[in-house]
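K.L.:
Okay, here's the structure, questions in a sec.
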4 protein chains.
Amino acid sequence: MRIPVAILGATGMVGQRFAQRLARHPRFEVVALAASDRSAGRSYGDAVPWRLDGACPFPSMPVRPCTPEEVDAPVVFSALDSGVARETEAAFRDAGRVVVSNASAWRMAEDVPLVIPEVNPDHVEILRGRRGAIVCNPNCTSMPLVFALAPLHAAFGVEAVAVASWQAVSGAGYPGESAWDMLGNVHPHAGDEEAKLAEEPRRILGHRDGTAIVHATFPLSARCVRVPVVDGHLVSAQIRLRGSPSVADVEAALRAWQPAARLPSTPEPLLRFATRRDRPAPRPDADAGDGMAITLGRIEPCEVFTVKLFALAHNAVRGAAGGAIAVAELLDQRGLLPTG
Amino acid sequence: MRIPVAILGATGMVGQRFAQRLARHPRFEVVALAASDRSAGRSYGDAVPWRLDGACPFPSMPVRPCTPEEVDAPVVFSALDSGVARETEAAFRDAGRVVVSNASAWRMAEDVPLVIPEVNPDHVEILRGRRGAIVCNPNCTSMPLVFALAPLHAAFGVEAVAVASWQAVSGAGYPGESAWDMLGNVHPHAGDEEAKLAEEPRRILGHRDGTAIVHATFPLSARCVRVPVVDGHLVSAQIRLRGSPSVADVEAALRAWQPAARLPSTPEPLLRFATRRDRPAPRPDADAGDGMAITLGRIEPCEVFTVKLFALAHNAVRGAAGGAIAVAELLDQRGLLPTG
Amino acid sequence: MRIPVAILGATGMVGQRFAQRLARHPRFEVVALAASDRSAGRSYGDAVPWRLDGACPFPSMPVRPCTPEEVDAPVVFSALDSGVARETEAAFRDAGRVVVSNASAWRMAEDVPLVIPEVNPDHVEILRGRRGAIVCNPNCTSMPLVFALAPLHAAFGVEAVAVASWQAVSGAGYPGESAWDMLGNVHPHAGDEEAKLAEEPRRILGHRDGTAIVHATFPLSARCVRVPVVDGHLVSAQIRLRGSPSVADVEAALRAWQPAARLPSTPEPLLRFATRRDRPAPRPDADAGDGMAITLGRIEPCEVFTVKLFALAHNAVRGAAGGAIAVAELLDQRGLLPTG
Amino acid sequence: MRIPVAILGATGMVGQRFAQRLARHPRFEVVALAASDRSAGRSYGDAVPWRLDGACPFPSMPVRPCTPEEVDAPVVFSALDSGVARETEAAFRDAGRVVVSNASAWRMAEDVPLVIPEVNPDHVEILRGRRGAIVCNPNCTSMPLVFALAPLHAAFGVEAVAVASWQAVSGAGYPGESAWDMLGNVHPHAGDEEAKLAEEPRRILGHRDGTAIVHATFPLSARCVRVPVVDGHLVSAQIRLRGSPSVADVEAALRAWQPAARLPSTPEPLLRFATRRDRPAPRPDADAGDGMAITLGRIEPCEVFTVKLFALAHNAVRGAAGGAIAVAELLDQRGLLPTG
């Protein structure tokens with residue numbers, strides 16, 4: 001028996017990723033697709049400018065407006081723009097639905113777990129006993145970074161991190177960056193990406209105290225740069241660790257790390273270790289583990305901190321729709337999903 | 001009266017940049033072009049696969065072998081590959097020539113000044129009184145970084161630096177990276193680029209004690225990544241400064257900084273300050289000041305150190321041929337060039 | 001004494017090109033900048049997202065609405081979108097102004113000359129004696145093609161042409177194509193580009209009969225494809241010529257061709273002939289002659305027609321603003337411009 | 001029981017594609033890998049710079065020299081460079097082996113069938129009764145073109161074709177084109193690609209007369225341009241057909257066409273029809289049908305001939321290793337393979 005789910009913002013790039021992956025999900029069944037008023041009333045196949053591999057799923061399903069009254073599903077995945085996400089997601093929560101959101105609007109709210117299911121599954125326990133809820137996925141650049149930090153924070157304690165990113169254009173949605181801007185160019189854009197990166201990893205790597213999440217306290221300084229790559233965010237992290245462990249100890253800790261939860265979407269292996277000096281790299285590594293694996297590489301001594309390394313994740317899969325679906329799988333595993 | 005000069009390795013990418021810029025130089029006159037035995041004996045126009053804008057200069061000048069006997073010029077610019085540079089440049093020095101080199105072979109030798117003329121012109125004084133000499137240009141990624149650090153080291157004292165780079169493919173010469181590797185991809189390649197970046201800035205920002213150069217001691221940790229950009233190396237620096245000055249003080253120090261020497265090739269302004277949040281960026285900024293200016297931007301507080309910023313320079317001009325020509329201008333200005 | 005001119009649509013990509021080139025024009029003086037109501041009322045420096053090299057010209061000039069009442073100049077350059085161009089340009093013409101337009105709206109109107117000044121200068125004579133007028137520049141893909149065809153049509157007579165294009169993204173304006181679409185991809189987009197290419201060359205290569213333009217009659221079949229290139233449209237033409245001349249005769253005719261008019265913007269040489277087999281190519285050749293030259297190459301026998309060749313022009317300069325300015329220079333040369 | 005096969009040139013880009021696809025082939029079993037003397041003697045995993053998705057297959061299989069004595073397999077796939085292919089492939093044939101070659105060396109030899117198995121399977125019958133043989137795959141640009149022409153030649157008769165191509169960099173092997181050349185640029189390179197395109201389709205669409213292949217006679221004129229795309233060759237064809245059928249009739253003929261043979265590698269559908277105006281395009285369409293399908297689109301009236309259309313195929317799969325494996329499947333189906 002599958003759990004009925006809906007997708008809010010189903011026609012955008014992340015919404016299409018949700019549709020693509022949920023169409024073949026063994027546990028969730030898409031019963032409603034919702035989007036802006038411009039699309040509502042048309043069939044999904046007619047409303048969506050389908051851009052992903054394979055045929056558009058659910059072509060004849062009608063697109064509904066994004067209101068709880070119109071969307072009859074106990075679990076909704078939100079791919080809404082941050083602008084409208086705040087109000088719409090709250091309306092669904094208040095109507096008793098569980099909202100698993102890829103938007104940034106509620107990530108820092110006290111009663112909203114910010115979750116990477118293999119890293120901090122316990123955080124969803126703050127929802128137990130509630131009827132409606134919002135659970136958030138971190139932003140796509142945090143994703144590879146947190147996977148690299150989690151084993152080291154557990155084994156040694158992270159004290160400070162300097163981060164740089166080489167981010168794919170799909171992270172900006174569609175149409176996103178102009179081709180004129182990105183051909184043979186890079187953009188040290190910022191927006192609030194660097195600010196998100198400074199705080200989200202601390203929340204995810206924080207600990208739960210009853211119904212509160214206590215953030216970790218290490219400082220994190222990020223520089224986020226868009227590069228002419230389609231999919232796959234590469235980050236570099238220079239990390240100060242408590243006790244100054246050797247690089248061998250650091251690599252051993254990374255390799256020994258076990259995910260705190262295993263979901264149907266968790267690939268095996270979850271962390272991959274690149275051996276070539278020109279890897280990880282987005283084109284060859286982003287799709288690893290059906291887009292859900294993280295690739296680490298170039299783990300080396302750092303002249304200013306303890307260790308430096310590169311990490312890469314598929315921003316539109318692990319860092320967006322795929323990651324959010326794994327969050328829902330976690331809620332399901334723990335009996336935190338309404339079943340209709 | 002112009003000073004006769006020669007170019008070693010004149011047919012490669014950096015060699016072509018030397019030829020292009022020296023052809024219109026008011027003070028230097030190209031009297032000889034030298035390259036590998038494969039090219040020697042042919043005319044330059046015939047031997048060179050000219051790839052730069054405009055027509056190939058010196059098309060009928062014969063290409064000579066790279067030996068002091070065959071190359072009759074008191075000053076030689078070296079665009080040799082590091083493999084052959086070590087021995088060949090030493091041979092020219094031993095024959096009494098002044099070699100201004102873009103190769104890495106001799107950069108760390110005790111009696112070789114590593115010079116950015118507007119930053120550490122005084123270092124060339126260790127050559128005074130010598131007959132033959134080698135003077136080196138730093139590697140192309142050090143260039144924008146050192147220009148950002150120099151004013152801050154002078155005003156406050158640099159204590160530590162975390163660096164990341166977004167480097168253009170022209171930095172790898174021709175053919176350099178394969179198109180198959182670089183389209184829609186980035187390469188966290190390393191080679192010895194990160195090691196060079198850890199040491200060269202310390203030498204340039206060191207001080208002269210008689211005929212010795214005493215390196216600065218701040219640690220520097222770099223991550224160097226090749227991106228699909230033609231020209232222009234972007235670097236991010238996260239910098240710890242003595243006394244923790246405010247960002248306003250840091251920006252004031254950068255803006256107040258005056259070059260320690262002004263050469264004919266020094267553009268006005270030398271340091272440019274980008275005001276848009278998506279700048280500096282390689283395509284719009286690399287050519288500033290005829291490729292000789294440095295563009296700084298996004299000067300902001302750093303969560304782990306004191307300040308963070310971006311810096312950009314044209315790797316093939318300021319970071320290679322143009323920078324080396326400016327070094328020769330400095331030697332000329334100080335009366336350190338033989339005149340034939 | 002300079003002629004006062006205005007730019008309609010001054011804040012867009014082509015509008016910026018107009019501003020950049022007119023700011024240093026010896027004969028025209030920009031006295032007004034106009035754009036959509038959204039920009040009107042602000043200063044140009046504030047309203048324009050300047051994207052070209054160098055500083056934004058006229059930063060403090062106010063942006064006006066696009067109406068003849070608000071724009072007090074006898075000559076206006078139009079960089080308007082086709083949607084609004086039809087009505088707005090007609091309003092300026094009806095108010096007695098001379099409109100030199102880069103838009104497609106009026107290109108096929110009977111009383112509107114469609115002009116490449118070095119090719120069919122005589123066509124502007126249909127305007128003589130009129131007070132207000134519209135004169136059009138062809139679309140950016142027609143530009144290199146017509147320069148290749150004009151000498152051959154004059155020498156032999158063109159009977160049929162099969163065309164393919166490799167078009168730069170700047171031809172779609174800003175933001176134009178999405179980076180997500182264009183990275184590592186090409187778009188056999190069409191819109192009405194192929195239809196324009198089928199007709200515009202026939203009008204330009206037609207002849208004037210009194211106040212009528214009689215189109216040439218050769219059929220032309222085009223395939224237009226967008227490629228990940230910033231500037232420079234490359235076209236291939238396979239051409240059937242009357243009398244089946246040899247390739248040597250064809251190349252001789254191309255080299256012997258003299259422009260029918262020489263304008264201040266006409267570069268010397270106007271037609272360049274690439275000698276390498278991998279040229280013309282957009283990155284090295286688009287800027288030739290300050291963006292106003294045409295580069296031809298690979299002139300070879302055609303298995304299905306008479307001859308085949310490649311031609312390249314800078315789509316945003318020769319194919320847009322630069323070409324329109326040359327049209328105005330032609331009108332000036334022939335005494336067809338009001339002078340205020 | 002599987003047929004033992006070997007790969008000649010197994011370490012290059014096409015060789016890797018052979019290894020990748022044969023490793024999971026139900027009918028062929030790789031028993032030997034051969035490459036140049038530089039690699040011979042090492043294990044495949046050690047000798048190959050593996051660049052494709054997934055792990056390198058056969059990592060511990062030794063790499064042998066490319067001689068019949070050292071390579072003990074009745075069937076060999078050749079991914080050799082054309083330079084060495086001529087002599088080496090002949091040596092294997094003379095030793096009684098069946099060589100299925102992706103090289104161009106023998107494509108025009110009288111006793112060598114040039115085969116697209118779904119198009120001209122009957123041509124392999126000229127081999128019946130022979131012991132050793134060479135069978136060739138066409139070049140990667142011919143592949144999409146011939147699939148577009150075959151149904152039309154059968155239904156109407158092709159009278160003339162004008163072709164243009166937008167070719168991916170993987171078609172040039174590795175390292176192939178320099179990134180410096182291809183970023184933001186296209187190359188109207190030629191080499192002998194245009195000459196191959198003029199003749200190969202005529203041989204494939206010719207008919208067998210006993211043991212002779214009689215070429216078709218329609219003229220074909222091609223312009224081949226490399227574009228910054230990783231995989232997937234797009235071609236445009238402007239086609240004159242006997243009897244001037246309507247576009248509706250042309251499209252009906254394309255849709256009604258049935259492959260003359262169905263192989264295990266033949267995807268279903270084999271020909272796909274794009275419906276959007278910006279398709280076929282390499283990034284979304286190259287992988288269709290596991291890289292073995294052909295995508296057609298924009299089938300429209302042609303102003304100079306009868307009809308024009310675009311066709312796209314994965315150059316490294318359908319146009320190289322995948323196509324050659326399908327040829328071997330055809331030989332197997334017809335009992336033309338030695339079985340050991």
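Ordering of the structure tokens sets the chain letters (A, B, ...); residue numbers start at 1 within each chain; ligands are numbered from 1 in the order shown.
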Can you check which residues of chain D have any atom within 10 Å of chain A? Use only C-alpha atoms and format it as a ChimeraX atom specification.

P.N.:
/D:51-54,183-185,283-285,287-288

K.L.:
Let's have the selection written as a PDB file, in the first residue's frame, with C-alpha atoms.

P.N.:
ATOM      1  CA  ARG D  51      37.171   7.957 -18.828  1.00  0.00           C
ATOM      2  CA  LEU D  52      33.679   6.484 -19.162  1.00  0.00           C
ATOM      3  CA  ASP D  53      30.921   6.000 -16.605  1.00  0.00           C
ATOM      4  CA  GLY D  54      31.206   3.070 -14.256  1.00  0.00           C
ATOM      5  CA  LEU D 183      35.581  27.107 -25.470  1.00  0.00           C
ATOM      6  CA  GLY D 184      33.097  29.626 -26.865  1.00  0.00           C
ATOM      7  CA  ASN D 185      34.205  28.708 -30.375  1.00  0.00           C
ATOM      8  CA  ARG D 283      22.554  16.825 -24.710  1.00  0.00           C
ATOM      9  CA  PRO D 284      18.950  15.622 -24.362  1.00  0.00           C
ATOM     10  CA  ASP D 285      18.837  13.266 -27.364  1.00  0.00           C
ATOM     11  CA  ASP D 287      21.628   8.884 -25.227  1.00  0.00           C
ATOM     12  CA  ALA D 288      18.233   7.829 -26.577  1.00  0.00           C
TER      13      ALA D 288
END

K.L.:
Got a sec: who's within 10 Å of D:Gly210, counting only C-alpha atoms, leaving out chain neighbours fewer than 6 positions off, as a PDB file with all heavy atoms, in the first residue's frame?

P.N.:
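Below is the file out16.pdb, written as the result:
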ATOM      1  N   HIS D 123      24.551  -6.251 -47.735  1.00  0.00           N
ATOM      2  CA  HIS D 123      25.916  -6.064 -48.245  1.00  0.00           C
ATOM      3  C   HIS D 123      26.906  -7.059 -47.647  1.00  0.00           C
ATOM      4  O   HIS D 123      27.947  -7.334 -48.241  1.00  0.00           O
ATOM      5  CB  HIS D 123      26.388  -4.627 -47.988  1.00  0.00           C
ATOM      6  CG  HIS D 123      25.737  -3.603 -48.863  1.00  0.00           C
ATOM      7  ND1 HIS D 123      26.303  -2.386 -49.161  1.00  0.00           N
ATOM      8  CD2 HIS D 123      24.555  -3.629 -49.538  1.00  0.00           C
ATOM      9  CE1 HIS D 123      25.487  -1.688 -49.945  1.00  0.00           C
ATOM     10  NE2 HIS D 123      24.417  -2.429 -50.183  1.00  0.00           N
ATOM     11  N   GLU D 125      26.648 -10.027 -47.499  1.00  0.00           N
ATOM     12  CA  GLU D 125      26.639 -11.297 -48.245  1.00  0.00           C
ATOM     13  C   GLU D 125      27.839 -11.426 -49.185  1.00  0.00           C
ATOM     14  O   GLU D 125      28.158 -12.534 -49.621  1.00  0.00           O
ATOM     15  CB  GLU D 125      25.320 -11.443 -49.024  1.00  0.00           C
ATOM     16  CG  GLU D 125      24.094 -11.597 -48.134  1.00  0.00           C
ATOM     17  CD  GLU D 125      24.164 -12.856 -47.265  1.00  0.00           C
ATOM     18  OE1 GLU D 125      24.738 -13.880 -47.713  1.00  0.00           O
ATOM     19  OE2 GLU D 125      23.657 -12.805 -46.123  1.00  0.00           O
ATOM     20  N   ILE D 126      28.495 -10.327 -49.489  1.00  0.00           N
ATOM     21  CA  ILE D 126      29.682 -10.450 -50.355  1.00  0.00           C
ATOM     22  C   ILE D 126      30.803 -11.188 -49.638  1.00  0.00           C
ATOM     23  O   ILE D 126      31.800 -11.567 -50.248  1.00  0.00           O
ATOM     24  CB  ILE D 126      30.201  -9.076 -50.861  1.00  0.00           C
ATOM     25  CG1 ILE D 126      30.792  -8.240 -49.738  1.00  0.00           C
ATOM     26  CG2 ILE D 126      29.086  -8.307 -51.584  1.00  0.00           C
ATOM     27  CD1 ILE D 126      31.479  -6.953 -50.233  1.00  0.00           C
TER      28      ILE D 126
END

K.L.:
Could you give me, as a count of residues only, the residues within 12 Å of D:Ala47, counting only C-alpha atoms and dropping anything in the same chain fewer than 3 positions from it?

P.N.:
26

K.L.:
For a test of reading the model, state the distance in Å between atom CA of C:Glu300 and atom CA of C:Leu149, rounded to one decimal.

P.N.:
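Separating atom CA of C:Glu300 from atom CA of C:Leu149 is a distance of 14.6 Å.
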
K.L.:
If we count only C-alpha atoms, what is near A:Ala162 at a cut-off of 6 Å, once residues fewer than 2 positions away on the same chain are taken out, given as a ChimeraX atom specification?

P.N.:
/A:220-221,237-238

K.L.:
Per DSSP on the backbone, filter stretch 103-309 of chain B down to the residues in alpha helix (DSSP H) and report them as a PyMOL selection string.

P.N.:
chain B and resi 142-155+179-182+193-204+247-256+282-285

K.L.:
Please produce a file of those selected residues containing N, CA and C atoms, as a compact mmCIF listing (two decimals), in the first residue's frame.

P.N.:
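Output below, filename out_34.txt:
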# COMPACT_ATOMS: atom_id res chain seq x y z
N SER B 142 49.53 33.00 -8.42
CA SER B 142 50.05 33.86 -7.36
C SER B 142 49.76 35.33 -7.66
N MET B 143 49.74 35.68 -8.93
CA MET B 143 49.71 37.09 -9.31
C MET B 143 48.54 37.87 -8.70
N PRO B 144 47.29 37.48 -8.96
CA PRO B 144 46.22 38.28 -8.34
C PRO B 144 46.24 38.19 -6.82
N LEU B 145 46.65 37.05 -6.31
CA LEU B 145 46.66 36.87 -4.86
C LEU B 145 47.65 37.82 -4.19
N VAL B 146 48.85 37.91 -4.73
CA VAL B 146 49.87 38.74 -4.08
C VAL B 146 49.47 40.21 -4.14
N PHE B 147 48.85 40.62 -5.24
CA PHE B 147 48.40 42.02 -5.30
C PHE B 147 47.36 42.32 -4.23
N ALA B 148 46.55 41.31 -3.88
CA ALA B 148 45.56 41.53 -2.82
C ALA B 148 46.22 41.52 -1.45
N LEU B 149 47.23 40.69 -1.30
CA LEU B 149 47.87 40.56 0.02
C LEU B 149 48.86 41.68 0.32
N ALA B 150 49.53 42.19 -0.70
CA ALA B 150 50.62 43.15 -0.46
C ALA B 150 50.18 44.37 0.35
N PRO B 151 49.08 45.02 -0.03
CA PRO B 151 48.67 46.19 0.76
C PRO B 151 48.31 45.81 2.20
N LEU B 152 47.76 44.61 2.37
CA LEU B 152 47.31 44.20 3.71
C LEU B 152 48.49 43.75 4.55
N HIS B 153 49.47 43.16 3.92
CA HIS B 153 50.67 42.76 4.67
C HIS B 153 51.41 44.01 5.14
N ALA B 154 51.43 45.01 4.27
CA ALA B 154 52.11 46.27 4.64
C ALA B 154 51.35 47.00 5.75
N ALA B 155 50.02 47.01 5.63
CA ALA B 155 49.24 47.82 6.57
C ALA B 155 48.99 47.13 7.90
N ALA B 179 39.52 19.44 -24.68
CA ALA B 179 38.14 19.95 -24.68
C ALA B 179 37.20 18.92 -24.05
N TRP B 180 37.46 17.64 -24.30
CA TRP B 180 36.60 16.59 -23.74
C TRP B 180 36.56 16.67 -22.22
N ASP B 181 37.67 17.00 -21.62
CA ASP B 181 37.73 17.10 -20.16
C ASP B 181 37.04 18.35 -19.62
N MET B 182 37.12 19.45 -20.35
CA MET B 182 36.74 20.73 -19.76
C MET B 182 35.32 21.19 -20.10
N GLU B 193 50.77 23.19 -8.56
CA GLU B 193 50.23 24.55 -8.52
C GLU B 193 49.93 24.97 -7.07
N GLU B 194 49.34 24.07 -6.31
CA GLU B 194 49.00 24.42 -4.93
C GLU B 194 50.27 24.61 -4.09
N ALA B 195 51.28 23.83 -4.38
CA ALA B 195 52.55 23.98 -3.65
C ALA B 195 53.22 25.30 -3.99
N LYS B 196 53.17 25.68 -5.28
CA LYS B 196 53.74 26.98 -5.67
C LYS B 196 53.02 28.12 -4.96
N LEU B 197 51.71 27.98 -4.89
CA LEU B 197 50.92 29.04 -4.28
C LEU B 197 51.20 29.15 -2.78
N ALA B 198 51.60 28.07 -2.17
CA ALA B 198 51.89 28.11 -0.74
C ALA B 198 53.19 28.84 -0.46
N GLU B 199 54.12 28.87 -1.41
CA GLU B 199 55.44 29.43 -1.11
C GLU B 199 55.74 30.75 -1.82
N GLU B 200 55.34 30.88 -3.10
CA GLU B 200 55.74 32.07 -3.85
C GLU B 200 55.30 33.38 -3.20
N PRO B 201 54.05 33.50 -2.73
CA PRO B 201 53.67 34.78 -2.10
C PRO B 201 54.54 35.13 -0.90
N ARG B 202 54.98 34.12 -0.17
CA ARG B 202 55.83 34.39 1.00
C ARG B 202 57.18 34.93 0.60
N ARG B 203 57.69 34.47 -0.54
CA ARG B 203 58.98 34.98 -1.01
C ARG B 203 58.81 36.43 -1.51
N ILE B 204 57.75 36.66 -2.28
CA ILE B 204 57.57 38.00 -2.85
C ILE B 204 57.30 39.02 -1.74
N VAL B 247 36.48 45.52 8.15
CA VAL B 247 36.46 45.45 6.70
C VAL B 247 36.64 46.84 6.10
N ALA B 248 36.09 47.83 6.75
CA ALA B 248 36.24 49.20 6.25
C ALA B 248 37.73 49.59 6.25
N ASP B 249 38.43 49.23 7.31
CA ASP B 249 39.87 49.54 7.37
C ASP B 249 40.64 48.76 6.29
N VAL B 250 40.23 47.51 6.09
CA VAL B 250 40.89 46.70 5.07
C VAL B 250 40.68 47.33 3.70
N GLU B 251 39.45 47.69 3.39
CA GLU B 251 39.18 48.27 2.07
C GLU B 251 39.92 49.59 1.92
N ALA B 252 39.96 50.36 2.98
CA ALA B 252 40.70 51.63 2.93
C ALA B 252 42.18 51.39 2.65
N ALA B 253 42.74 50.38 3.27
CA ALA B 253 44.16 50.09 3.04
C ALA B 253 44.40 49.65 1.60
N LEU B 254 43.48 48.86 1.06
CA LEU B 254 43.63 48.43 -0.34
C LEU B 254 43.55 49.63 -1.28
N ARG B 255 42.61 50.51 -1.01
CA ARG B 255 42.43 51.67 -1.89
C ARG B 255 43.55 52.68 -1.75
N ALA B 256 44.15 52.73 -0.59
CA ALA B 256 45.22 53.72 -0.35
C ALA B 256 46.58 53.24 -0.85
N PRO B 282 36.02 36.57 -15.04
CA PRO B 282 37.10 36.55 -16.03
C PRO B 282 36.75 37.21 -17.36
N ARG B 283 35.60 36.92 -17.94
CA ARG B 283 35.37 37.45 -19.29
C ARG B 283 35.31 38.96 -19.30
N PRO B 284 34.57 39.61 -18.41
CA PRO B 284 34.55 41.08 -18.49
C PRO B 284 35.78 41.75 -17.89
N ASP B 285 36.52 41.12 -16.98
CA ASP B 285 37.56 41.84 -16.25
C ASP B 285 39.00 41.49 -16.63

K.L.:
Quick one: residues within 9 Å of A:Val14, only C-alpha atoms counted, chain neighbours fewer than 4 positions away excluded, as an MDAnalysis selection string?

P.N.:
chainID A and resid 9:10 18:19 79:80 102 173 316:317 320:321

K.L.:
Please report the interatomic distance between atom CA of D:Ser236 and atom CA of C:Ser170 in Å with one decimal.

P.N.:
22.7 Å

K.L.:
Residues at most 12 Å from C:Val5, counting only C-alpha atoms, excluding those fewer than 2 positions away in the same chain, as a PyMOL selection string?

P.N.:
chain C and resi 2-3+7-8+18-19+22-23+25+27-34+71-78+97-100+325+328+337-340

K.L.:
Kindly give the distance, in Å, that separates atom CA of C:Gln167 and atom CA of C:Pro228, rounded to a single decimal.

P.N.:
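It comes out at 8.3 Å.
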
K.L.:
Identify which of the residues A:Pro188, A:Gly297, A:Val230, A:Asp111 lies closest to A:Tyr174, counting only C-alpha atoms when measuring atom-to-atom distances.

P.N.:
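For A:Tyr174, the nearest of the candidates is A:Val230.
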
K.L.:
Taking the backbone alone, and naming residues the way the document does, which bits of stretch 107-320 of chain D are strand (DSSP E) by DSSP, as a ChimeraX atom specification?

P.N.:
/D:133-136,158-167,207-209,212-214,220-226,233-241,271-273,294-301,307-313

K.L.:
Between C:Arg17, C:Thr88, C:Gly243, C:Ala324, which residue has the minimum interatomic distance to C:Pro65, considering only C-alpha atoms?

P.N.:
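Among the listed residues, the smallest separation from C:Pro65 belongs to C:Thr88.
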